[in-house]
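Asker: The following file, target02.tsv, comprises TSV, C-alpha atoms:
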chain	number	residue	atom	x	y	z
A	53	MET	CA	-61.44	-74.13	52.44
A	54	LYS	CA	-62.20	-70.61	53.68
A	55	ASP	CA	-62.80	-67.77	51.24
A	56	LYS	CA	-59.66	-65.61	51.58
A	57	GLN	CA	-59.99	-61.86	51.25
A	58	SER	CA	-57.27	-59.74	49.66
A	59	ASP	CA	-56.64	-56.05	49.14
A	60	ILE	CA	-55.98	-56.78	45.48
A	61	ASP	CA	-58.20	-58.58	42.98
A	62	VAL	CA	-55.66	-60.54	40.90
A	63	ASN	CA	-57.80	-60.63	37.76
A	64	GLU	CA	-58.46	-56.90	37.90
A	65	LEU	CA	-54.76	-56.24	38.57
A	66	PHE	CA	-53.84	-58.21	35.45
A	67	VAL	CA	-56.28	-56.21	33.33
A	68	GLU	CA	-55.09	-52.91	34.86
A	69	LEU	CA	-51.43	-53.71	34.19
A	70	LYS	CA	-52.15	-54.73	30.58
A	71	PHE	CA	-54.09	-51.50	30.03
A	72	LEU	CA	-51.42	-49.50	31.83
A	73	GLN	CA	-48.74	-50.71	29.40
A	74	ASN	CA	-50.49	-48.82	26.60
A	75	PHE	CA	-51.61	-45.89	28.76
A	76	MET	CA	-48.21	-45.00	30.28
A	77	PRO	CA	-45.84	-42.53	28.64
A	78	LYS	CA	-43.34	-44.30	26.37
A	79	GLN	CA	-40.26	-42.88	28.15
A	80	ASN	CA	-38.32	-45.10	30.54
A	81	ILE	CA	-39.51	-44.28	34.08
A	82	GLY	CA	-38.99	-45.96	37.44
A	83	PRO	CA	-41.47	-47.43	39.91
A	84	VAL	CA	-41.75	-44.22	41.99
A	85	GLU	CA	-42.73	-42.22	38.89
A	86	ILE	CA	-45.21	-44.94	37.92
A	87	LEU	CA	-46.80	-44.76	41.39
A	88	ASN	CA	-47.06	-40.96	41.14
A	89	PHE	CA	-48.67	-41.36	37.70
A	90	LEU	CA	-51.17	-43.87	39.12
A	91	LYS	CA	-52.04	-41.54	42.01
A	92	ARG	CA	-52.63	-38.60	39.65
A	93	HIS	CA	-55.05	-40.60	37.50
A	94	ASP	CA	-56.75	-42.37	40.44
A	95	CYS	CA	-58.33	-45.12	38.34
A	96	PHE	CA	-55.99	-48.08	38.77
A	97	SER	CA	-56.66	-49.00	42.38
A	98	ASN	CA	-55.17	-52.52	42.28
A	99	ALA	CA	-52.03	-51.38	40.44
A	100	THR	CA	-51.60	-48.51	42.92
A	101	ILE	CA	-51.73	-50.91	45.88
A	102	ALA	CA	-49.31	-53.31	44.17
A	103	TYR	CA	-46.78	-50.54	43.49
A	104	ARG	CA	-47.05	-49.24	47.06
A	105	VAL	CA	-46.26	-52.72	48.35
A	106	LEU	CA	-43.44	-53.12	45.82
A	107	LEU	CA	-41.83	-49.86	46.93
A	108	THR	CA	-42.20	-50.67	50.64
A	109	ILE	CA	-40.60	-54.12	50.71
A	110	PRO	CA	-36.95	-53.13	50.05
A	111	VAL	CA	-37.02	-50.57	52.86
A	112	ILE	CA	-38.33	-53.13	55.33
A	113	VAL	CA	-35.76	-55.75	54.32
A	114	ALA	CA	-32.82	-53.32	54.37
A	115	SER	CA	-33.81	-51.95	57.76
A	116	THR	CA	-34.08	-55.44	59.25
A	117	GLU	CA	-30.77	-56.54	57.75
A	118	ARG	CA	-29.06	-53.42	59.08
A	119	SER	CA	-30.47	-54.06	62.56
A	120	PHE	CA	-29.18	-57.62	62.64
A	121	SER	CA	-25.82	-56.57	61.23
A	122	LYS	CA	-25.32	-53.97	63.98
A	123	LEU	CA	-26.45	-56.43	66.64
A	124	LYS	CA	-23.96	-59.01	65.36
A	125	LEU	CA	-21.13	-56.46	65.53
A	126	LEU	CA	-22.08	-55.48	69.06
A	127	LYS	CA	-22.36	-59.06	70.25
A	128	SER	CA	-19.05	-60.18	68.80
A	129	TYR	CA	-17.18	-57.13	70.07
A	130	MET	CA	-18.40	-57.17	73.67
A	131	ARG	CA	-19.91	-60.61	74.13
A	132	THR	CA	-17.92	-61.70	77.15
A	133	THR	CA	-18.30	-58.55	79.25
A	134	MET	CA	-21.91	-57.57	78.89
A	135	THR	CA	-25.26	-58.50	80.35
A	136	GLN	CA	-28.37	-58.95	78.20
A	137	GLN	CA	-29.79	-55.59	79.39
A	138	ARG	CA	-26.62	-53.76	78.36
A	139	LEU	CA	-26.70	-55.50	74.95
A	140	ASN	CA	-30.32	-54.41	74.46
A	141	ASP	CA	-29.46	-50.82	75.40
A	142	LEU	CA	-26.50	-50.70	73.02
A	143	ALA	CA	-28.57	-52.17	70.20
A	144	THR	CA	-31.21	-49.48	70.75
A	145	ILE	CA	-28.54	-46.77	70.68
A	146	ALA	CA	-27.05	-48.17	67.46
A	147	LEU	CA	-30.42	-48.43	65.73
A	148	GLU	CA	-31.67	-45.02	66.84
A	149	SER	CA	-28.48	-43.08	66.07
A	150	GLU	CA	-30.39	-40.42	64.11
A	151	VAL	CA	-32.47	-39.58	67.18
A	152	LEU	CA	-29.36	-39.46	69.37
A	153	GLU	CA	-27.67	-36.97	67.04
A	154	LYS	CA	-30.52	-34.50	67.63
A	155	ILE	CA	-30.32	-34.65	71.44
A	156	ASP	CA	-28.82	-31.64	73.23
A	157	TYR	CA	-26.81	-33.25	76.02
A	158	ASP	CA	-26.38	-29.93	77.86
A	159	ASP	CA	-30.14	-29.85	78.47
A	160	ILE	CA	-30.03	-33.40	79.83
A	161	ILE	CA	-27.12	-32.60	82.16
A	162	GLU	CA	-28.92	-29.57	83.57
How would this structure read if it were set down as structure tokens?
Answerer:
Amino acid sequence: MKDKQSDIDVNELFVELKFLQNFMPKQNIGPVEILNFLKRHDCFSNATIAYRVLLTIPVIVASTERSFSKLKLLKSYMRTTMTQQRLNDLATIALESEVLEKIDYDDIIE
């Protein structure tokens, strides 16, 4: 079996988290505050990577779910009258609505 490389050493992460339990302030703080604390002290490299991954995952999942949800709405609403290219274009518009709100259509028309 090949030797797998990882960004995190599991044994060191375990030791860091055990030490971190005693080192952290006793007040109840969330994962973002813990990550900021870890960055300030810059000595828990494995725990910092683990918290960065932890805080990234929900954003990725929510974004993907939202994309599929909008695509499903588009497909069910206009399924019979649209080509695949039009569906792709509408999906792009729905997903990039923030960018579209910033566009000045008068400039485009000119």
Asker: Tell me which protein, DNA and RNA residues are within 10 Å of Thr144 in chain A, counting all atoms listed in the file, leaving out same-chain ones fewer than 6 positions away, and put them as number ranges by chain.
Answerer: A: 119, 123, 138
Asker: Which residue is closest to Glu85 in chain A? Choose from A:Phe66, A:Phe120, A:Tyr103, A:Tyr157 and count only C-alpha atoms.
Answerer: A:Tyr103
Asker: Can you list, as a PyMOL selection string, every protein, DNA or RNA residue that comes within 8 Å of Ala99 in chain A when you count only C-alpha atoms, leaving out same-chain residues fewer than 5 positions away?
Answerer: chain A and resi 65+68-69+90
Asker: Set the distance at 12 Å and use only C-alpha atoms: which residues neighbour Leu72 in chain A once local chain neighbours fewer than 4 positions away are removed? I'd like the list as an MDAnalysis selection string.
Answerer: chainID A and resid 64:68 76:78 86:87 89:90 93 95:100
Asker: Find, counting all atoms listed in the file, the residue in A:Ile60, A:Ile161, A:Leu126, A:Leu142 that gets nearest to Ile101 in chain A.
Answerer: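 Checking each candidate against Ile101 in chain A, we get A:Ile60 as the closest.
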Asker: Could you work out how far CA of Ser128 in chain A lies from CA of Ser149 in chain A, giving the answer in Å with one decimal?
Answerer: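 One can read the CA of Ser149 in chain A to CA of Ser128 in chain A distance as 19.7 Å.
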Asker: Rounded to one decimal place, report the CA of Ser58 in chain A-CA of Asn88 in chain A distance in Å.
Answerer: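 Calculated distance between CA of Ser58 in chain A and CA of Asn88 in chain A is 23.0 Å.
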Asker: Distance CA of Leu107 in chain A-CA of Pro83 in chain A, one decimal place?
Answerer: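 Taking CA of Leu107 in chain A as the start and CA of Pro83 in chain A as the end point, the length is 7.4 Å.
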